[in-house]
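S.K.: Sharing work_11.cif, mmCIF, C-alpha atoms:
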```cif
data_run
loop_
_atom_site.group_PDB
_atom_site.id
_atom_site.type_symbol
_atom_site.label_atom_id
_atom_site.label_comp_id
_atom_site.auth_asym_id
_atom_site.auth_seq_id
_atom_site.Cartn_x
_atom_site.Cartn_y
_atom_site.Cartn_z
ATOM 1 C CA MET U 10 -25.210 54.137 131.701
ATOM 2 C CA ALA U 11 -24.623 52.473 128.319
ATOM 3 C CA THR U 12 -27.391 54.496 126.644
ATOM 4 C CA PRO U 13 -28.511 58.114 126.813
ATOM 5 C CA ALA U 14 -31.039 58.723 129.605
ATOM 6 C CA THR U 15 -34.683 58.284 128.672
ATOM 7 C CA THR U 16 -36.433 61.485 129.676
ATOM 8 C CA PRO U 17 -40.007 62.785 129.314
ATOM 9 C CA THR U 18 -41.275 65.393 126.882
ATOM 10 C CA PRO U 19 -39.763 68.789 127.840
ATOM 11 C CA PRO U 20 -39.872 71.002 129.772
ATOM 12 C CA TYR U 21 -37.883 69.363 132.559
ATOM 13 C CA TYR U 22 -34.574 70.307 134.226
ATOM 14 C CA ALA U 23 -30.917 69.311 133.955
ATOM 15 C CA VAL U 24 -27.917 69.818 136.227
ATOM 16 C CA ILE U 25 -24.668 69.812 134.233
ATOM 17 C CA PHE U 26 -21.745 69.102 136.591
ATOM 18 C CA THR U 27 -18.356 69.613 134.916
ATOM 19 C CA SER U 28 -15.206 68.845 136.902
ATOM 20 C CA VAL U 29 -11.469 68.223 136.845
ATOM 21 C CA ARG U 30 -10.242 65.641 139.363
ATOM 22 C CA HIS U 31 -7.175 65.557 141.555
ATOM 23 C CA ASP U 32 -5.000 62.455 141.102
ATOM 24 C CA GLY U 33 -5.926 59.556 143.386
ATOM 25 C CA ASP U 34 -9.318 58.259 144.480
ATOM 26 C CA SER U 35 -9.617 59.566 148.102
ATOM 27 C CA GLY U 36 -12.941 57.768 148.462
ATOM 28 C CA TYR U 37 -14.385 59.414 145.370
ATOM 29 C CA GLY U 38 -15.524 56.270 143.540
ATOM 30 C CA GLU U 39 -17.494 54.943 146.487
ATOM 31 C CA ALA U 40 -19.022 58.359 147.251
ATOM 32 C CA ALA U 41 -20.047 58.795 143.594
ATOM 33 C CA ARG U 42 -21.689 55.359 143.573
ATOM 34 C CA GLN U 43 -23.582 56.096 146.807
ATOM 35 C CA MET U 44 -24.729 59.515 145.605
ATOM 36 C CA LEU U 45 -26.111 58.116 142.345
ATOM 37 C CA GLU U 46 -27.971 55.420 144.272
ATOM 38 C CA LEU U 47 -29.396 58.020 146.649
ATOM 39 C CA ALA U 48 -30.220 60.602 143.936
ATOM 40 C CA SER U 49 -32.092 58.015 141.891
ATOM 41 C CA LYS U 50 -34.470 57.512 144.845
ATOM 42 C CA GLN U 51 -35.211 61.244 145.187
ATOM 43 C CA PRO U 52 -38.650 62.527 144.118
ATOM 44 C CA GLY U 53 -38.425 64.055 140.651
ATOM 45 C CA PHE U 54 -35.221 62.250 139.577
ATOM 46 C CA LEU U 55 -35.499 61.435 135.850
ATOM 47 C CA GLY U 56 -32.105 60.064 134.797
ATOM 48 C CA PHE U 57 -28.307 60.382 134.793
ATOM 49 C CA GLU U 58 -25.465 60.370 132.265
ATOM 50 C CA THR U 59 -21.728 60.541 132.990
ATOM 51 C CA ALA U 60 -18.369 60.351 131.201
ATOM 52 C CA ARG U 61 -14.823 61.372 132.123
ATOM 53 C CA GLN U 62 -11.650 61.935 130.088
ATOM 54 C CA GLU U 63 -9.611 65.123 130.647
ATOM 55 C CA ILE U 64 -12.711 66.582 132.255
ATOM 56 C CA GLY U 65 -15.728 64.826 133.719
ATOM 57 C CA ILE U 66 -19.270 65.695 132.686
ATOM 58 C CA SER U 67 -22.210 64.334 134.681
ATOM 59 C CA VAL U 68 -25.743 65.357 133.827
ATOM 60 C CA SER U 69 -28.698 64.588 136.091
ATOM 61 C CA TYR U 70 -32.263 65.199 134.936
ATOM 62 C CA TRP U 71 -35.084 66.370 137.206
ATOM 63 C CA SER U 72 -38.782 67.123 136.912
ATOM 64 C CA THR U 73 -38.725 70.518 138.686
ATOM 65 C CA PRO U 74 -36.315 73.103 140.167
ATOM 66 C CA GLU U 75 -37.731 72.151 143.582
ATOM 67 C CA ALA U 76 -36.565 68.547 143.093
ATOM 68 C CA ILE U 77 -33.052 69.822 142.318
ATOM 69 C CA GLN U 78 -33.085 72.044 145.407
ATOM 70 C CA ALA U 79 -34.278 69.179 147.647
ATOM 71 C CA TRP U 80 -31.437 66.963 146.390
ATOM 72 C CA LYS U 81 -28.912 69.764 146.918
ATOM 73 C CA GLU U 82 -30.083 70.035 150.544
ATOM 74 C CA ASN U 83 -30.100 66.273 151.215
ATOM 75 C CA ALA U 84 -27.939 65.682 154.318
ATOM 76 C CA ALA U 85 -25.789 62.874 152.890
ATOM 77 C CA HIS U 86 -25.345 64.862 149.681
ATOM 78 C CA ARG U 87 -24.298 67.932 151.687
ATOM 79 C CA ARG U 88 -21.582 65.872 153.406
ATOM 80 C CA VAL U 89 -20.021 64.940 150.054
ATOM 81 C CA GLN U 90 -20.468 68.483 148.693
ATOM 82 C CA ASN U 91 -18.245 69.562 151.600
ATOM 83 C CA ARG U 92 -15.517 67.210 150.312
ATOM 84 C CA ALA U 93 -15.406 68.824 146.846
ATOM 85 C CA GLY U 94 -11.993 70.346 147.569
ATOM 86 C CA GLU U 95 -10.514 66.879 148.230
ATOM 87 C CA TRP U 96 -11.598 65.576 144.825
ATOM 88 C CA TYR U 97 -11.723 68.452 142.349
ATOM 89 C CA THR U 98 -9.228 71.054 141.163
ATOM 90 C CA ALA U 99 -12.150 72.850 139.472
ATOM 91 C CA PHE U 100 -15.859 72.339 138.953
ATOM 92 C CA ARG U 101 -18.892 74.116 137.536
ATOM 93 C CA VAL U 102 -22.545 73.383 138.257
ATOM 94 C CA ARG U 103 -25.100 74.643 135.744
ATOM 95 C CA ILE U 104 -28.827 74.434 136.426
ATOM 96 C CA CYS U 105 -30.799 74.329 133.180
ATOM 97 C CA ARG U 106 -34.344 74.156 131.890
ATOM 98 C CA VAL U 107 -34.520 71.632 129.026
ATOM 99 C CA GLU U 108 -36.753 73.192 126.388
ATOM 100 C CA ARG U 109 -36.487 70.781 123.427
ATOM 101 C CA GLU U 110 -35.181 67.269 122.844
ATOM 102 C CA TYR U 111 -34.711 65.019 119.838
ATOM 103 C CA GLY U 112 -32.596 62.084 118.664
ATOM 104 C CA PHE U 113 -32.796 58.404 117.830
ATOM 105 C CA MET M 15 -10.690 71.158 127.107
ATOM 106 C CA ALA M 16 -8.702 70.521 130.288
ATOM 107 C CA THR M 17 -10.908 72.867 132.321
ATOM 108 C CA PRO M 18 -14.641 73.509 132.502
ATOM 109 C CA ALA M 19 -15.802 76.109 129.974
ATOM 110 C CA THR M 20 -15.759 79.716 131.158
ATOM 111 C CA THR M 21 -19.224 81.080 130.514
ATOM 112 C CA PRO M 22 -20.956 84.408 131.241
ATOM 113 C CA THR M 23 -23.503 85.136 133.939
ATOM 114 C CA PRO M 24 -26.734 83.243 133.112
ATOM 115 C CA PRO M 25 -29.083 83.186 131.358
ATOM 116 C CA TYR M 26 -27.428 81.627 128.314
ATOM 117 C CA TYR M 27 -28.059 78.370 126.452
ATOM 118 C CA ALA M 28 -26.583 74.856 126.356
ATOM 119 C CA VAL M 29 -26.885 71.991 123.893
ATOM 120 C CA ILE M 30 -26.298 68.645 125.618
ATOM 121 C CA PHE M 31 -25.410 66.011 122.994
ATOM 122 C CA THR M 32 -25.333 62.477 124.439
ATOM 123 C CA SER M 33 -24.343 59.592 122.166
ATOM 124 C CA VAL M 34 -23.245 55.987 121.880
ATOM 125 C CA ARG M 35 -20.713 55.298 119.103
ATOM 126 C CA HIS M 36 -20.435 52.418 116.655
ATOM 127 C CA ASP M 37 -17.050 50.651 116.720
ATOM 128 C CA GLY M 38 -14.502 52.112 114.299
ATOM 129 C CA ASP M 39 -13.740 55.711 113.399
ATOM 130 C CA SER M 40 -15.363 56.100 109.924
ATOM 131 C CA GLY M 41 -14.039 59.651 109.690
ATOM 132 C CA TYR M 42 -15.595 60.638 113.014
ATOM 133 C CA GLY M 43 -12.489 62.057 114.694
ATOM 134 C CA GLU M 44 -11.668 64.399 111.823
ATOM 135 C CA ALA M 45 -15.308 65.507 111.429
ATOM 136 C CA ALA M 46 -15.573 66.218 115.174
ATOM 137 C CA ARG M 47 -12.374 68.281 115.092
ATOM 138 C CA GLN M 48 -13.613 70.283 112.071
ATOM 139 C CA MET M 49 -17.041 70.882 113.605
ATOM 140 C CA LEU M 50 -15.576 72.211 116.863
ATOM 141 C CA GLU M 51 -13.309 74.550 114.897
ATOM 142 C CA LEU M 52 -16.257 75.772 112.831
ATOM 143 C CA ALA M 53 -18.683 76.041 115.772
ATOM 144 C CA SER M 54 -16.212 78.105 117.775
ATOM 145 C CA LYS M 55 -16.261 80.731 114.994
ATOM 146 C CA GLN M 56 -20.080 80.983 114.979
ATOM 147 C CA PRO M 57 -21.706 84.140 116.396
ATOM 148 C CA GLY M 58 -22.913 83.450 119.927
ATOM 149 C CA PHE M 59 -20.625 80.466 120.628
ATOM 150 C CA LEU M 60 -19.549 80.593 124.291
ATOM 151 C CA GLY M 61 -17.686 77.342 124.971
ATOM 152 C CA PHE M 62 -17.496 73.552 124.707
ATOM 153 C CA GLU M 63 -16.917 70.560 126.989
ATOM 154 C CA THR M 64 -16.653 66.901 125.987
ATOM 155 C CA ALA M 65 -15.890 63.474 127.483
ATOM 156 C CA ARG M 66 -16.517 59.900 126.348
ATOM 157 C CA GLN M 67 -16.498 56.556 128.167
ATOM 158 C CA GLU M 68 -19.429 54.148 127.670
ATOM 159 C CA ILE M 69 -21.391 57.121 126.417
ATOM 160 C CA GLY M 70 -20.178 60.442 125.082
ATOM 161 C CA ILE M 71 -21.399 63.756 126.441
ATOM 162 C CA SER M 72 -20.605 66.984 124.603
ATOM 163 C CA VAL M 73 -22.010 70.286 125.810
ATOM 164 C CA SER M 74 -21.809 73.459 123.739
ATOM 165 C CA TYR M 75 -22.780 76.822 125.211
ATOM 166 C CA TRP M 76 -24.479 79.610 123.251
ATOM 167 C CA SER M 77 -25.681 83.158 123.893
ATOM 168 C CA THR M 78 -29.175 82.755 122.368
ATOM 169 C CA PRO M 79 -31.535 80.126 120.875
ATOM 170 C CA GLU M 80 -31.054 81.886 117.518
ATOM 171 C CA ALA M 81 -27.296 81.202 117.670
ATOM 172 C CA ILE M 82 -28.042 77.492 118.243
ATOM 173 C CA GLN M 83 -30.486 77.435 115.337
ATOM 174 C CA ALA M 84 -27.999 79.157 113.002
ATOM 175 C CA TRP M 85 -25.330 76.568 113.876
ATOM 176 C CA LYS M 86 -27.817 73.732 113.340
ATOM 177 C CA GLU M 87 -28.522 75.098 109.845
ATOM 178 C CA ASN M 88 -24.846 75.673 108.916
ATOM 179 C CA ALA M 89 -24.258 73.845 105.608
ATOM 180 C CA ALA M 90 -21.088 71.988 106.671
ATOM 181 C CA HIS M 91 -22.726 71.057 109.969
ATOM 182 C CA ARG M 92 -25.788 69.745 108.110
ATOM 183 C CA ARG M 93 -23.552 67.466 106.044
ATOM 184 C CA VAL M 94 -22.148 65.815 109.178
ATOM 185 C CA GLN M 95 -25.613 65.681 110.819
ATOM 186 C CA ASN M 96 -26.617 63.540 107.832
ATOM 187 C CA ARG M 97 -23.851 61.069 108.731
ATOM 188 C CA ALA M 98 -25.140 60.495 112.287
ATOM 189 C CA GLY M 99 -26.278 56.972 111.404
ATOM 190 C CA GLU M 100 -22.704 56.017 110.384
ATOM 191 C CA TRP M 101 -21.286 57.026 113.769
ATOM 192 C CA TYR M 102 -23.935 56.595 116.441
ATOM 193 C CA THR M 103 -26.095 53.710 117.602
ATOM 194 C CA ALA M 104 -28.112 56.218 119.639
ATOM 195 C CA PHE M 105 -28.035 59.917 120.414
ATOM 196 C CA ARG M 106 -30.068 62.586 122.181
ATOM 197 C CA VAL M 107 -29.877 66.345 121.702
ATOM 198 C CA ARG M 108 -31.249 68.520 124.499
ATOM 199 C CA ILE M 109 -31.585 72.296 124.095
ATOM 200 C CA CYS M 110 -31.479 74.014 127.477
ATOM 201 C CA ARG M 111 -31.655 77.441 129.016
ATOM 202 C CA VAL M 112 -28.953 77.776 131.704
ATOM 203 C CA GLU M 113 -30.582 79.585 134.627
ATOM 204 C CA ARG M 114 -27.925 79.435 137.384
ATOM 205 C CA GLU M 115 -24.241 78.585 137.617
ATOM 206 C CA TYR M 116 -21.703 78.225 140.423
ATOM 207 C CA GLY M 117 -18.445 76.431 141.194
ATOM 208 C CA PHE M 118 -14.766 77.070 141.793
#
```
Take the structure I supplied and represent it as structure tokens, if you would.

M.R.:
Amino acid sequence: MATPATTPTPPYYAVIFTSVRHDGDSGYGEAARQMLELASKQPGFLGFETARQEIGISVSYWSTPEAIQAWKENAAHRRVQNRAGEWYTAFRVRICRVEREYGF
Amino acid sequence: MATPATTPTPPYYAVIFTSVRHDGDSGYGEAARQMLELASKQPGFLGFETARQEIGISVSYWSTPEAIQAWKENAAHRRVQNRAGEWYTAFRVRICRVEREYGF
């Protein structure tokens, strides 16, 4: 995670997950680690970036909307989605189509 | 910045800026503060989220691609874009169309 994700030529897709955490871990760290490991094995997974200060921003990149939907419906992922209220005081999920990319 | 940005019903647009900083400030903090102040006055600006740990992720939200282009071409913004090499060892800019959004 020490560099920006390396992604293919657009178009591809991004899920921007923005959240504010409750105090205390409540199993969050371990669940986050497991979910990244599992997501990275999903078909269509392209990369992941994350940072947290006052708010947390995690962006996962995917080849198609279908790949995002399949990950959303993954059984283990659904179990942690159901724990969102334990971990977050607020969150937003934004599903995006990446149209252009540049940088160095 | 203590809560996720409040954005309208999609579609709208997002610019995901992912970066790795050089050590030292080199005027970065002040430039970042000024740019957020200026961006938030631009037509079509909808909101902003940022966090930095190993990498920094800043997401700005915009009503249209034209609003993003106008901000990119803003003269003061261009001056700081030209200083990217002083501040960043690597960065990626991804222009996205936000298609769906949910959360609590």

S.K.: If you measure from atom CA of Gln78 of chain U to atom CA of Ala60 of chain U, what distance in Å do you get, rounded to one decimal?

M.R.: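 Going from atom CA of Gln78 of chain U over to atom CA of Ala60 of chain U, I get 23.6 Å.
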
S.K.: Mind telling me what the PyMOL selection byres ((chain U) within 6 of (chain M)) catches here, as a ChimeraX atom specification?

M.R.: /U:11,13,27,60-64,99-113

S.K.: How would the residues just picked look written out with C-alpha atoms as a PDB file, keeping the file's coordinate frame?

M.R.:
```pdb
ATOM      1  CA  ALA U  11     -24.623  52.473 128.319  1.00  0.00           C
ATOM      2  CA  PRO U  13     -28.511  58.114 126.813  1.00  0.00           C
ATOM      3  CA  THR U  27     -18.356  69.613 134.916  1.00  0.00           C
ATOM      4  CA  ALA U  60     -18.369  60.351 131.201  1.00  0.00           C
ATOM      5  CA  ARG U  61     -14.823  61.372 132.123  1.00  0.00           C
ATOM      6  CA  GLN U  62     -11.650  61.935 130.088  1.00  0.00           C
ATOM      7  CA  GLU U  63      -9.611  65.123 130.647  1.00  0.00           C
ATOM      8  CA  ILE U  64     -12.711  66.582 132.255  1.00  0.00           C
ATOM      9  CA  ALA U  99     -12.150  72.850 139.472  1.00  0.00           C
ATOM     10  CA  PHE U 100     -15.859  72.339 138.953  1.00  0.00           C
ATOM     11  CA  ARG U 101     -18.892  74.116 137.536  1.00  0.00           C
ATOM     12  CA  VAL U 102     -22.545  73.383 138.257  1.00  0.00           C
ATOM     13  CA  ARG U 103     -25.100  74.643 135.744  1.00  0.00           C
ATOM     14  CA  ILE U 104     -28.827  74.434 136.426  1.00  0.00           C
ATOM     15  CA  CYS U 105     -30.799  74.329 133.180  1.00  0.00           C
ATOM     16  CA  ARG U 106     -34.344  74.156 131.890  1.00  0.00           C
ATOM     17  CA  VAL U 107     -34.520  71.632 129.026  1.00  0.00           C
ATOM     18  CA  GLU U 108     -36.753  73.192 126.388  1.00  0.00           C
ATOM     19  CA  ARG U 109     -36.487  70.781 123.427  1.00  0.00           C
ATOM     20  CA  GLU U 110     -35.181  67.269 122.844  1.00  0.00           C
ATOM     21  CA  TYR U 111     -34.711  65.019 119.838  1.00  0.00           C
ATOM     22  CA  GLY U 112     -32.596  62.084 118.664  1.00  0.00           C
ATOM     23  CA  PHE U 113     -32.796  58.404 117.830  1.00  0.00           C
TER      24      PHE U 113
END
```

S.K.: Mind giving me the straight-line distance from atom CA of Ala81 of chain M to atom CA of Leu50 of chain M in Å, one decimal?

M.R.: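 So the two atoms, atom CA of Ala81 of chain M and atom CA of Leu50 of chain M, lie 14.8 Å apart.
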
S.K.: Which centre and which edge lengths, in Å to one decimal, describe the axis-aligned box that holds all listed atoms of segment 96-99 of chain U after 8 Å is added on each side, as AutoDock Vina command-line options?

M.R.:
```
--center_x -10.7 --center_y 69.2 --center_z 142.1 --size_x 18.9 --size_y 23.3 --size_z 21.4
```

S.K.: Quick one: residues within 10 Å of Tyr37 of chain U, all atoms listed in the file counted, chain neighbours fewer than 3 positions away excluded, as a list in words?

M.R.: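 Skipping anything fewer than 3 positions along the chain leaves Arg30, Gly33, Asp34, Ala40, Ala41, Arg42, Gln43, Val89, Arg92, Ala93, Glu95, Trp96 and Tyr97 of chain U.
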
S.K.: Would you kindly return, as a list in words, each protein, DNA or RNA residue with an atom no farther than 10 Å from any atom of Lys86 of chain M, considering only C-alpha atoms and excluding same-chain residues fewer than 6 positions away?

M.R.: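 Final neighbour list, sorted by chain and number: Ala53, Glu80, Arg92 and Gln95 of chain M.
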
S.K.: Hey, which of U:Ile77, U:Asp32, U:His86, U:Ser72 ends up closest to Glu46 of chain U? Count all atoms listed in the file.

M.R.: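 Distance minimum relative to Glu46 of chain U lands on U:His86.
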
S.K.: Output the residue selection produced by the PyMOL selection byres ((chain U and resi 52) around 9) on the file above, formatted as a PyMOL selection string.

M.R.: chain U and resi 48-51+53-55+71-72+76+79-80

S.K.: Rounded to one decimal place, report the atom CA of Met44 of chain U-atom CA of Arg88 of chain U distance in Å.

M.R.: 10.5 Å
